[in-house]
$ cat entry.tsv   # TSV, C-alpha atoms and all ligand atoms
chain	number	residue	atom	x	y	z
K	1	ILE	CA	23.65	-4.76	8.07
K	2	THR	CA	22.72	-1.25	7.01
K	3	VAL	CA	20.40	-0.50	4.10
K	4	LEU	CA	19.26	2.81	2.64
K	5	GLY	CA	15.77	2.60	1.11
K	6	ILE	CA	14.46	5.07	-1.45
K	7	GLU	CA	10.83	5.45	-2.56
K	8	SER	CA	9.33	7.50	-5.43
K	9	THR	CA	6.51	5.46	-6.98
K	10	CYS	CA	3.78	8.08	-6.66
K	11	ASP	CA	3.59	11.36	-4.77
K	12	GLU	CA	5.91	10.58	-1.83
K	13	THR	CA	9.66	11.10	-2.08
K	14	ALA	CA	10.96	9.09	0.86
K	15	ALA	CA	14.17	7.64	2.27
K	16	ALA	CA	14.97	5.60	5.35
K	17	VAL	CA	17.84	3.71	6.92
K	18	ILE	CA	17.49	0.32	8.59
K	19	ARG	CA	20.37	-1.05	10.63
K	20	ASP	CA	20.19	-4.66	11.84
K	21	GLY	CA	16.41	-4.75	11.51
K	22	ARG	CA	15.88	-1.43	13.32
K	23	LEU	CA	14.57	1.71	11.68
K	24	ILE	CA	17.08	4.47	12.46
K	25	SER	CA	15.79	7.21	10.18
K	26	ASN	CA	12.66	7.76	8.10
K	27	VAL	CA	12.05	10.89	5.99
K	28	VAL	CA	8.98	11.50	3.83
K	29	ALA	CA	8.25	14.49	1.57
K	30	SER	CA	4.93	14.56	-0.28
K	31	SER	CA	3.60	16.51	-3.24
K	32	MET	CA	0.06	15.52	-2.20
K	33	LEU	CA	-1.09	19.10	-1.62
K	34	GLU	CA	0.00	20.13	-5.12
K	35	HIS	CA	-2.35	17.50	-6.58
K	36	ALA	CA	-5.34	18.22	-4.35
K	37	ARG	CA	-6.88	20.85	-6.60
K	38	TYR	CA	-6.80	18.48	-9.60
K	39	GLY	CA	-8.61	15.69	-7.75
K	40	GLY	CA	-5.82	13.16	-8.34
K	41	VAL	CA	-2.07	12.76	-8.75
K	42	ILE	CA	-0.71	14.56	-11.84
K	43	PRO	CA	2.31	12.45	-12.93
K	44	GLU	CA	4.22	15.40	-14.40
K	45	ILE	CA	3.91	17.42	-11.19
K	46	ALA	CA	4.84	14.41	-9.06
K	47	SER	CA	7.93	13.67	-11.17
K	48	ARG	CA	9.17	17.27	-10.88
K	49	ALA	CA	8.63	17.16	-7.12
K	50	HIS	CA	10.76	13.99	-6.88
K	51	ALA	CA	13.56	15.70	-8.82
K	52	GLU	CA	13.48	18.57	-6.33
K	53	SER	CA	13.16	16.48	-3.16
K	54	PHE	CA	15.45	13.56	-3.94
K	55	VAL	CA	18.75	14.94	-2.64
K	56	PRO	CA	17.32	16.79	0.41
K	57	VAL	CA	15.31	13.72	1.50
K	58	VAL	CA	18.15	11.22	1.05
K	59	SER	CA	20.70	13.45	2.76
K	60	LYS	CA	18.35	14.05	5.70
K	61	ALA	CA	17.76	10.30	6.06
K	62	LEU	CA	21.53	9.73	6.21
K	63	ALA	CA	22.10	12.70	8.55
K	64	ASP	CA	19.31	11.59	10.92
K	65	ALA	CA	20.95	8.15	11.01
K	66	ASN	CA	24.34	9.76	11.66
K	67	LEU	CA	25.80	7.99	8.66
K	68	ASP	CA	27.57	8.69	5.38
K	69	LEU	CA	26.72	6.91	2.18
K	70	SER	CA	29.97	4.97	2.60
K	71	ASP	CA	28.55	3.38	5.79
K	72	VAL	CA	25.63	1.62	4.11
K	73	ASP	CA	25.92	-1.96	2.84
K	74	ALA	CA	23.34	-1.63	0.10
K	75	ILE	CA	20.83	0.73	-1.47
K	76	ALA	CA	17.26	-0.37	-2.22
K	77	VAL	CA	14.87	1.58	-4.44
K	78	SER	CA	11.32	0.97	-5.65
K	79	ALA	CA	11.57	-0.13	-9.32
K	80	GLY	CA	7.79	-0.52	-9.69
K	81	PRO	CA	4.86	-0.66	-9.82
K	82	GLY	CA	4.06	3.05	-10.02
K	83	LEU	CA	4.09	6.10	-12.27
K	84	ALA	CA	6.87	5.72	-14.86
K	85	GLY	CA	8.16	9.31	-14.63
K	86	CYS	CA	8.24	9.13	-10.83
K	87	LEU	CA	10.01	5.76	-10.78
K	88	ALA	CA	12.57	7.06	-13.29
K	89	VAL	CA	13.61	9.90	-10.97
K	90	GLY	CA	14.05	7.69	-7.89
K	91	VAL	CA	15.76	4.86	-9.74
K	92	SER	CA	18.15	7.18	-11.61
K	93	GLY	CA	19.05	8.94	-8.39
K	94	ALA	CA	19.57	5.69	-6.50
K	95	LYS	CA	21.67	4.19	-9.32
K	96	SER	CA	23.91	7.27	-9.34
K	97	LEU	CA	24.45	6.99	-5.59
K	98	ALA	CA	25.20	3.27	-5.87
K	99	TRP	CA	27.62	3.84	-8.73
K	100	ALA	CA	29.43	6.72	-7.03
K	101	ALA	CA	29.73	4.94	-3.67
K	102	LYS	CA	30.34	1.49	-5.22
K	103	LYS	CA	27.40	-0.08	-3.37
K	104	PRO	CA	25.12	-2.92	-4.46
K	105	ILE	CA	21.63	-1.81	-5.44
K	106	TYR	CA	18.29	-3.66	-5.30
K	107	GLY	CA	15.42	-2.52	-7.54
K	108	ILE	CA	12.56	-3.82	-5.42
K	109	ASN	CA	8.79	-4.28	-5.74
K	110	HIS	CA	7.06	-1.44	-3.87
K	111	VAL	CA	3.95	-3.50	-3.10
K	112	ILE	CA	5.97	-6.33	-1.54
K	113	GLY	CA	7.65	-3.57	0.49
K	114	HIS	CA	4.20	-2.76	1.97
K	115	ILE	CA	4.24	-6.33	3.35
K	116	ALA	CA	7.89	-6.44	4.39
K	117	VAL	CA	7.62	-3.28	6.49
K	118	THR	CA	5.39	-5.03	9.06
K	119	GLN	CA	8.52	-6.82	10.35
K	120	LEU	CA	9.70	-3.53	11.87
K	121	GLN	CA	6.77	-3.59	14.26
K	122	PHE	CA	5.99	-7.30	14.65
K	123	GLY	CA	9.24	-9.14	13.91
K	124	ALA	CA	9.99	-11.83	11.34
K	125	PHE	CA	7.30	-13.61	9.34
K	126	PRO	CA	6.12	-16.96	10.64
K	127	GLU	CA	5.83	-19.81	8.14
K	128	ASP	CA	2.68	-19.80	6.00
K	129	THR	CA	1.88	-16.15	6.37
K	130	MET	CA	-1.05	-14.68	4.48
K	131	ALA	CA	-0.84	-11.05	3.40
K	132	LEU	CA	-3.65	-8.68	2.49
K	133	ILE	CA	-2.41	-5.83	0.32
K	134	VAL	CA	-4.76	-2.86	0.26
K	135	SER	CA	-3.22	0.21	-1.35
K	136	GLY	CA	-4.17	2.92	-3.82
K	137	GLY	CA	-3.66	0.62	-6.79
K	138	HIS	CA	-3.82	-2.90	-5.36
K	139	THR	CA	-6.20	-5.18	-3.52
K	140	SER	CA	-4.68	-8.64	-3.35
K	141	LEU	CA	-4.32	-11.62	-1.09
K	142	LEU	CA	-0.87	-13.23	-1.07
K	143	HIS	CA	0.65	-16.31	0.46
K	144	VAL	CA	4.13	-15.43	1.66
K	145	ARG	CA	6.48	-18.37	1.69
K	146	ASP	CA	9.66	-16.27	1.88
K	147	VAL	CA	9.41	-12.52	1.41
K	148	ALA	CA	12.89	-12.37	-0.15
K	149	ARG	CA	12.29	-15.26	-2.54
K	150	HIS	CA	8.74	-16.30	-3.22
K	151	VAL	CA	5.18	-15.05	-2.84
K	152	ASP	CA	2.03	-16.50	-4.44
K	153	VAL	CA	-0.97	-14.46	-5.48
K	154	VAL	CA	-4.02	-16.17	-3.99
K	155	GLY	CA	-6.60	-13.61	-5.01
K	156	THR	CA	-6.84	-10.15	-6.49
K	157	THR	CA	-9.37	-7.55	-7.55
K	158	LEU	CA	-11.04	-8.24	-10.88
K	159	ASP	CA	-11.62	-4.51	-11.41
K	160	ASP	CA	-11.01	-1.58	-9.01
K	161	ALA	CA	-8.84	-1.51	-5.90
K	162	ALA	CA	-10.63	-0.74	-2.62
K	163	GLY	CA	-8.62	2.49	-2.29
K	164	GLU	CA	-9.62	3.59	-5.79
K	165	CYS	CA	-13.28	2.92	-5.00
K	166	PHE	CA	-13.05	5.09	-1.85
K	167	ASP	CA	-11.26	7.87	-3.72
K	168	LYS	CA	-13.94	7.93	-6.45
K	169	ILE	CA	-16.89	8.06	-4.03
K	170	ALA	CA	-15.01	10.70	-2.05
K	171	ARG	CA	-14.85	12.85	-5.19
K	172	LEU	CA	-18.62	12.54	-5.64
K	173	LEU	CA	-19.09	13.64	-2.04
K	174	GLY	CA	-16.86	16.66	-2.68
K	175	PHE	CA	-13.86	15.63	-0.55
K	176	PRO	CA	-10.38	16.68	-1.74
K	177	TYR	CA	-7.83	14.10	-2.94
K	178	PRO	CA	-6.96	11.70	-1.42
K	179	GLY	CA	-10.51	11.01	-0.27
K	180	GLY	CA	-9.93	7.81	1.73
K	181	PRO	CA	-9.10	9.51	5.05
K	182	HIS	CA	-12.17	11.79	4.74
K	183	ILE	CA	-14.50	8.82	4.26
K	184	ASP	CA	-12.84	7.18	7.26
K	185	LYS	CA	-13.51	10.24	9.45
K	186	HIS	CA	-17.15	10.72	8.39
K	187	ALA	CA	-17.86	6.99	8.67
K	188	ARG	CA	-17.16	7.13	12.40
K	189	THR	CA	-20.37	9.08	13.07
K	190	GLY	CA	-22.59	7.46	10.43
K	191	ASP	CA	-24.97	4.49	10.42
K	192	PRO	CA	-23.28	1.57	8.61
K	193	HIS	CA	-26.68	0.00	7.81
K	194	ALA	CA	-28.31	3.14	6.38
K	195	ILE	CA	-27.64	2.23	2.76
K	196	ARG	CA	-27.39	-1.19	1.15
K	197	VAL	CA	-23.97	-1.54	-0.46
K	198	PRO	CA	-23.33	-4.68	-2.56
K	199	LYS	CA	-20.59	-7.08	-1.49
K	200	GLY	CA	-18.94	-8.18	-4.71
K	201	LEU	CA	-18.07	-11.88	-5.20
K	202	THR	CA	-19.33	-12.98	-1.80
K	203	GLN	CA	-22.48	-14.85	-2.85
K	204	GLY	CA	-23.66	-17.46	-5.31
K	205	LYS	CA	-21.79	-18.79	-8.32
K	206	SER	CA	-19.39	-15.87	-8.71
K	207	ALA	CA	-18.26	-16.32	-5.09
K	208	ALA	CA	-17.73	-20.05	-5.63
K	209	LYS	CA	-15.69	-19.33	-8.74
K	210	HIS	CA	-13.69	-16.51	-7.09
K	211	PRO	CA	-13.42	-17.37	-3.38
K	212	TYR	CA	-10.37	-15.12	-2.80
K	213	ASP	CA	-10.89	-12.49	-5.48
K	214	PHE	CA	-12.41	-9.04	-5.04
K	215	SER	CA	-14.62	-6.75	-7.09
K	216	PHE	CA	-15.33	-3.15	-6.13
K	217	SER	CA	-16.64	-1.59	-9.31
K	218	GLY	CA	-20.20	-2.70	-8.43
K	219	VAL	CA	-19.84	-1.04	-5.03
K	220	LYS	CA	-18.72	2.17	-6.65
K	221	THR	CA	-21.56	2.18	-9.20
K	222	ALA	CA	-24.24	1.32	-6.62
K	223	VAL	CA	-23.17	4.08	-4.23
K	224	ALA	CA	-22.79	6.61	-7.06
K	225	ARG	CA	-26.30	5.77	-8.41
K	226	TRP	CA	-27.78	6.07	-4.93
K	227	ILE	CA	-26.21	9.51	-4.43
K	228	GLU	CA	-27.39	10.67	-7.86
K	229	GLY	CA	-30.92	9.41	-7.16
K	230	GLU	CA	-31.13	11.27	-3.86
K	231	GLU	CA	-29.79	14.43	-5.46
K	232	ALA	CA	-32.32	14.18	-8.31
K	233	ALA	CA	-35.09	13.81	-5.73
K	234	GLY	CA	-33.87	16.97	-4.04
K	235	HIS	CA	-32.84	15.17	-0.84
K	236	ALA	CA	-29.83	16.22	1.22
K	237	ILE	CA	-27.12	13.52	1.11
K	238	PRO	CA	-26.51	11.92	4.52
K	239	VAL	CA	-22.74	12.02	4.01
K	240	ASP	CA	-21.82	10.27	7.26
K	241	ASP	CA	-24.25	7.41	6.56
K	242	VAL	CA	-22.97	6.97	3.00
K	243	CYS	CA	-19.38	6.83	4.27
K	244	ALA	CA	-20.24	4.43	7.11
K	245	SER	CA	-22.20	2.08	4.82
K	246	LEU	CA	-19.44	2.07	2.20
K	247	ALA	CA	-16.64	1.56	4.73
K	248	ASP	CA	-18.53	-1.19	6.56
K	249	SER	CA	-19.28	-3.16	3.41
K	250	VAL	CA	-15.75	-2.90	1.99
K	251	ALA	CA	-14.14	-3.81	5.33
K	252	ASP	CA	-16.49	-6.78	5.66
K	253	VAL	CA	-15.57	-8.23	2.26
K	254	LEU	CA	-11.84	-7.70	2.78
K	255	ALA	CA	-11.90	-9.27	6.24
K	256	GLU	CA	-14.03	-12.29	5.29
K	257	LYS	CA	-11.97	-13.11	2.20
K	258	ALA	CA	-8.69	-12.68	4.07
K	259	MET	CA	-9.90	-15.12	6.74
K	260	ALA	CA	-11.03	-17.59	4.08
K	261	GLY	CA	-7.52	-17.42	2.61
K	262	CYS	CA	-5.96	-18.05	6.04
K	263	ALA	CA	-8.19	-21.10	6.54
K	264	GLN	CA	-7.35	-22.44	3.07
K	265	TYR	CA	-3.59	-22.15	3.67
K	266	GLY	CA	-3.68	-23.14	7.33
K	267	SER	CA	-2.15	-19.82	8.27
K	268	ASP	CA	-2.61	-18.29	11.71
K	269	THR	CA	-1.00	-14.96	10.80
K	270	LEU	CA	-2.37	-12.25	8.54
K	271	ILE	CA	-0.11	-9.37	7.50
K	272	VAL	CA	-1.90	-6.24	6.29
K	273	GLY	CA	-0.17	-3.54	4.26
K	274	GLY	CA	-0.70	-0.59	1.91
K	275	GLY	CA	-2.18	2.87	2.30
K	276	PHE	CA	-5.76	1.64	2.67
K	277	SER	CA	-4.79	-0.38	5.75
K	278	ALA	CA	-4.75	3.00	7.52
K	279	ASN	CA	-8.56	2.79	7.35
K	280	SER	CA	-9.98	2.54	10.87
K	281	GLN	CA	-13.10	0.56	9.91
K	282	LEU	CA	-10.93	-2.07	8.20
K	283	ARG	CA	-8.48	-2.21	11.11
K	284	GLU	CA	-11.29	-2.75	13.59
K	285	LYS	CA	-13.05	-5.37	11.48
K	286	LEU	CA	-9.85	-7.33	10.85
K	287	GLN	CA	-9.00	-7.44	14.55
K	288	GLN	CA	-12.55	-8.62	15.26
K	289	VAL	CA	-12.63	-11.45	12.73
K	290	GLY	CA	-9.03	-12.35	13.57
K	291	GLU	CA	-10.00	-12.95	17.20
K	292	ARG	CA	-13.03	-14.94	16.10
K	293	GLU	CA	-10.95	-17.16	13.77
K	294	GLY	CA	-7.82	-17.45	15.91
K	295	VAL	CA	-5.70	-15.52	13.42
K	296	GLN	CA	-3.12	-12.99	14.59
K	297	VAL	CA	-3.65	-9.84	12.52
K	298	ARG	CA	-0.56	-7.65	12.04
K	299	ILE	CA	-1.46	-4.15	10.88
K	300	PRO	CA	1.39	-1.65	11.32
K	301	ARG	CA	1.07	1.88	12.68
K	302	ILE	CA	-0.32	4.38	10.16
K	303	ALA	CA	3.05	5.92	9.24
K	304	LEU	CA	4.20	2.50	8.02
K	305	CYS	CA	0.97	1.87	6.04
K	306	THR	CA	1.23	4.81	3.66
K	307	ASP	CA	4.17	5.11	1.24
K	308	ASN	CA	7.56	5.48	2.95
K	309	GLY	CA	11.24	4.60	2.63
K	310	ALA	CA	11.26	2.14	5.53
K	311	MET	CA	9.28	-0.39	3.50
K	312	VAL	CA	11.92	-0.27	0.77
K	313	ALA	CA	14.85	-0.46	3.20
K	314	MET	CA	13.21	-3.40	5.01
K	315	LEU	CA	12.72	-5.47	1.86
K	316	GLY	CA	16.28	-4.53	0.82
K	317	SER	CA	17.54	-5.81	4.19
K	318	ASN	CA	15.66	-9.09	3.69
K	319	LEU	CA	17.20	-9.51	0.22
K	320	LEU	CA	20.72	-8.75	1.42
K	321	ALA	CA	20.38	-11.01	4.46
K	322	SER	CA	19.11	-13.84	2.24
K	323	GLY	CA	22.10	-13.55	-0.06
K	324	ILE	CA	20.00	-12.57	-3.08
K	325	ALA	CA	22.10	-11.12	-5.92
K	326	PRO	CA	21.76	-7.35	-6.37
K	327	SER	CA	20.07	-5.92	-9.45
K	328	SER	CA	22.19	-5.28	-12.54
K	329	ALA	CA	23.52	-1.76	-13.17
K	330	ASP	CA	21.09	-1.35	-16.07
K	331	PHE	CA	17.92	-2.75	-14.43
K	332	PRO	CA	14.75	-1.12	-15.82
K	333	ILE	CA	11.78	0.44	-14.07
K	334	ASP	CA	8.46	-1.40	-14.50
K	335	SER	CA	5.31	0.63	-13.92
K	336	ALA	CA	3.30	-2.64	-13.90
K	337	MET	CA	5.80	-4.82	-11.99
K	338	PRO	CA	3.96	-8.07	-11.15
K	339	LEU	CA	3.50	-8.97	-7.48
K	340	THR	CA	5.36	-12.24	-7.98
K	341	GLN	CA	8.53	-10.35	-8.95
K	342	ILE	CA	10.18	-9.25	-5.72
K	343	VAL	CA	13.36	-7.75	-7.14
K	344	MET	CA	14.75	-6.77	-10.55
K	345	PRO	CA	17.50	-9.14	-11.77
Z	1	LIG	P1	0.32	1.19	-4.67
Z	1	LIG	O1	0.98	0.91	-3.37
Z	1	LIG	O2	-0.71	0.18	-5.05
Z	1	LIG	O3	1.31	1.47	-5.75
Z	1	LIG	P2	-0.14	3.86	-3.74
Z	1	LIG	O4	1.26	3.71	-3.27
Z	1	LIG	O5	-0.54	5.03	-4.56
Z	1	LIG	O6	-0.55	2.53	-4.52
Z	1	LIG	P3	-0.76	3.96	-1.01
Z	1	LIG	O7	-0.01	5.21	-0.72
Z	1	LIG	O8	-0.23	2.68	-0.53
Z	1	LIG	O9	-1.09	3.84	-2.55
Z	1	LIG	O10	-2.26	4.16	-0.52
Z	1	LIG	C1	-2.99	5.30	-0.88
Z	1	LIG	C2	-4.46	4.97	-0.74
Z	1	LIG	O11	-4.77	4.81	0.64
Z	1	LIG	C3	-5.38	6.08	-1.25
Z	1	LIG	O12	-6.38	5.45	-2.04
Z	1	LIG	C4	-5.97	6.68	0.02
Z	1	LIG	O13	-7.27	7.19	-0.15
Z	1	LIG	C5	-5.98	5.46	0.90
Z	1	LIG	N1	-6.06	5.79	2.33
Z	1	LIG	C6	-5.13	6.39	3.12
Z	1	LIG	N2	-5.61	6.54	4.38
Z	1	LIG	C7	-6.87	6.02	4.38
Z	1	LIG	C8	-7.89	5.86	5.35
Z	1	LIG	N3	-7.72	6.26	6.61
Z	1	LIG	N4	-9.05	5.29	4.96
Z	1	LIG	C9	-9.23	4.85	3.70
Z	1	LIG	N5	-8.31	4.97	2.75
Z	1	LIG	C10	-7.15	5.54	3.07
Z	2	MG	MG	0.76	8.88	-1.79
Z	3	FE	FE	2.01	2.21	-1.95

$ encode --input "entry.tsv" --output "structure tokens" --more "lines below"
Ligand code: ATP
Ligand code: MG
Ligand code: FE
Amino acid sequence: ITVLGIESTCDETAAAVIRDGRLISNVVASSMLEHARYGGVIPEIASRAHAESFVPVVSKALADANLDLSDVDAIAVSAGPGLAGCLAVGVSGAKSLAWAAKKPIYGINHVIGHIAVTQLQFGAFPEDTMALIVSGGHTSLLHVRDVARHVDVVGTTLDDAAGECFDKIARLLGFPYPGGPHIDKHARTGDPHAIRVPKGLTQGKSAAKHPYDFSFSGVKTAVARWIEGEEAAGHAIPVDDVCASLADSVADVLAEKAMAGCAQYGSDTLIVGGGFSANSQLREKLQQVGEREGVQVRIPRIALCTDNGAMVAMLGSNLLASGIAPSSADFPIDSAMPLTQIVMP
């Protein structure tokens, strides 16, 4: 089966084609640089960029795959969660293609796509798979019974996502948006024990009450206060040490909670997805604890971690192969699409 996947939830306009489980084209255009000087994604600018890039990106994905639209069996598009204006451009474009070419269309959940995409590199999901989603907007632990039909949310962040926390500290340190990769780079040469960074919900009563949940707002506040204190005292900020301490603490919490979830569900496979899973400290820590606990950790190559069309095409392929009914012609976008909803009816 051949599925065209289209992505436009945030600042990437992307399209990809998957044929019989193999990625045969993958095109990504980003408006990231246009947002850099504002310190974050400006929805209006991102939406305009999608309107400009939609046709060039989709036609390149088809051309690279040596296919016409008439050759695909279905179109999949991210229906949420994401920025409403951005979703509207991608979904309208995809619906028009589906209508013109008389193809079924699936309005899929972008975040579940971050999980599904790992199959391209590691093959099908084993039974009882756990999934750690770490993206710009999400930090959640899921139990994946069937990626086309049913996922359970085991834990989630009670406040900020890990990616958000990194991006905010990065701003304080003067790094351009998105700050995550800059923290990653500086952390490599810093001392991870230089600064004490709290590990939210890992100790005492709150940990007992929330064994699989996360909290990163305390981390953000503690690091911000520390930086402000040093600045007030006239000290130079040891940027590498701050980055290393932050990255180490966040990776630790994510890895320990993910392993606790695996133990609870008797799962020996952990899937990791979302833009933050590009983080090298997290990748290293997860492999380490995975070996310790006998859990196979599946983190895809970086290009599959950040937003792309392959993740959408892959989940679309799973839906089609499972005989799930396509979305209706008038399916809506949902900027807050819940993780338990895999596809729009
Ligand atoms: P969502 O998928 O929740 O809708 P999103 O699509 O905006 O959110 P992604 O593109 O999946 O988010 O991830 C972007 C996030 O990943 C940003 O917060 C960015 O800083 C972070 N990120 C990317 N690379 C790295 C890295 N090497 N280290 C840390 N963070 C990183
Ligand atoms: Mg992006
Ligand atoms: Fe994403």

$ residues_near_ligand --input "entry.tsv" --ligand "ligand LIG 1 (chain Z)" --cutoff "7 Å" --atoms "only C-alpha atoms and all ligand atoms" --output "JSON, numbers by chain"
{"K": [9, 10, 81, 82, 110, 111, 135, 136, 137, 138, 163, 164, 166, 167, 178, 179, 180, 181, 183, 184, 274, 275, 276, 277, 278, 279, 280, 305, 306, 307]}

$ atom_distance --input "entry.tsv" --atom1 "CA of Gln121 in chain K" --atom2 "CA of Asp213 in chain K"
27.9 Å

$ closest_residue --input "entry.tsv" --among "K:Asp152, K:Glu291, K:Asp191, K:Glu256" --to "Asp240 in chain K" --atoms "all atoms listed in the file"
K:Asp191

$ closest_residue --input "entry.tsv" --among "K:Ser249, K:Thr118, K:Asn318, K:Gln281" --to "Val223 in chain K" --atoms "all atoms listed in the file"
K:Ser249

$ atom_distance --input "entry.tsv" --atom1 "CA of Pro104 in chain K" --atom2 "CA of Asp73 in chain K"
7.4 Å

$ atom_distance --input "entry.tsv" --atom1 "CA of Ala101 in chain K" --atom2 "CA of Val77 in chain K"
15.3 Å

$ closest_residue --input "entry.tsv" --among "K:Ser322, K:Ser140, K:Ser245, K:Ser31" --to "Thr156 in chain K" --atoms "all atoms listed in the file"
K:Ser140

$ residues_around --input "entry.tsv" --residues "Asp330 in chain K" --least-positions-apart "4" --cutoff "12 Å" --atoms "only C-alpha atoms" --output "count of residues only"
14

$ residues_near_point --input "entry.tsv" --point "(-2.0, -20.5, 11.2)" --cutoff "12 Å" --atoms "only C-alpha atoms" --output "short mmCIF file (atom, residue, chain, number, x, y, z; two decimals) with C-alpha atoms, keeping the file's coordinate frame"
data_model
loop_
_atom_site.label_atom_id
_atom_site.label_comp_id
_atom_site.auth_asym_id
_atom_site.auth_seq_id
_atom_site.Cartn_x
_atom_site.Cartn_y
_atom_site.Cartn_z
CA PHE K 125 7.30 -13.61 9.34
CA PRO K 126 6.12 -16.96 10.64
CA GLU K 127 5.83 -19.81 8.14
CA ASP K 128 2.68 -19.80 6.00
CA THR K 129 1.88 -16.15 6.37
CA MET K 130 -1.05 -14.68 4.48
CA HIS K 143 0.65 -16.31 0.46
CA MET K 259 -9.90 -15.12 6.74
CA ALA K 260 -11.03 -17.59 4.08
CA GLY K 261 -7.52 -17.42 2.61
CA CYS K 262 -5.96 -18.05 6.04
CA ALA K 263 -8.19 -21.10 6.54
CA GLN K 264 -7.35 -22.44 3.07
CA TYR K 265 -3.59 -22.15 3.67
CA GLY K 266 -3.68 -23.14 7.33
CA SER K 267 -2.15 -19.82 8.27
CA ASP K 268 -2.61 -18.29 11.71
CA THR K 269 -1.00 -14.96 10.80
CA LEU K 270 -2.37 -12.25 8.54
CA ILE K 271 -0.11 -9.37 7.50
CA GLY K 290 -9.03 -12.35 13.57
CA GLU K 293 -10.95 -17.16 13.77
CA GLY K 294 -7.82 -17.45 15.91
CA VAL K 295 -5.70 -15.52 13.42
CA GLN K 296 -3.12 -12.99 14.59
CA VAL K 297 -3.65 -9.84 12.52
#

$ closest_residue --input "entry.tsv" --among "K:Cys243, K:Ala187, K:Leu141, K:Val197" --to "Leu172 in chain K" --atoms "only C-alpha atoms"
K:Cys243

$ residues_around --input "entry.tsv" --residues "Glu7 in chain K" --least-positions-apart "5" --cutoff "7 Å" --atoms "all atoms listed in the file" --output "list in words"
Thr13, Ala14, Ala15, Val77, Ser78, Gly90, Asn308, Gly309 and Val312 of chain K

$ closest_residue --input "entry.tsv" --among "K:Ala51, K:Ile169, K:Ala329, K:Ala29" --to "ligand MG 2 (chain Z)" --atoms "all atoms listed in the file"
K:Ala29

$ build_atoms --input "entry.tsv" --residues "range 39-50 of chain K" --atoms "N, CA and C atoms" --output "tab-separated table (two decimals), in the frame of the given file"
chain	number	residue	atom	x	y	z
K	39	GLY	N	-7.80	16.86	-8.08
K	39	GLY	CA	-8.61	15.69	-7.75
K	39	GLY	C	-7.88	14.37	-7.95
K	40	GLY	N	-6.58	14.40	-8.17
K	40	GLY	CA	-5.82	13.16	-8.34
K	40	GLY	C	-4.36	13.51	-8.61
K	41	VAL	N	-3.49	12.49	-8.55
K	41	VAL	CA	-2.07	12.76	-8.75
K	41	VAL	C	-1.79	13.07	-10.23
K	42	ILE	N	-1.12	14.19	-10.48
K	42	ILE	CA	-0.71	14.56	-11.84
K	42	ILE	C	0.74	14.09	-12.00
K	43	PRO	N	0.98	13.07	-12.85
K	43	PRO	CA	2.31	12.45	-12.93
K	43	PRO	C	3.44	13.45	-13.18
K	44	GLU	N	3.20	14.40	-14.06
K	44	GLU	CA	4.22	15.40	-14.40
K	44	GLU	C	4.62	16.23	-13.17
K	45	ILE	N	3.62	16.64	-12.40
K	45	ILE	CA	3.91	17.42	-11.19
K	45	ILE	C	4.64	16.56	-10.17
K	46	ALA	N	4.20	15.31	-10.03
K	46	ALA	CA	4.84	14.41	-9.06
K	46	ALA	C	6.30	14.15	-9.43
K	47	SER	N	6.56	13.95	-10.73
K	47	SER	CA	7.93	13.67	-11.17
K	47	SER	C	8.86	14.85	-10.87
K	48	ARG	N	8.36	16.07	-11.16
K	48	ARG	CA	9.17	17.27	-10.88
K	48	ARG	C	9.46	17.38	-9.38
K	49	ALA	N	8.45	17.08	-8.57
K	49	ALA	CA	8.63	17.16	-7.12
K	49	ALA	C	9.70	16.17	-6.65
K	50	HIS	N	9.72	14.98	-7.25
K	50	HIS	CA	10.76	13.99	-6.88
K	50	HIS	C	12.15	14.54	-7.22
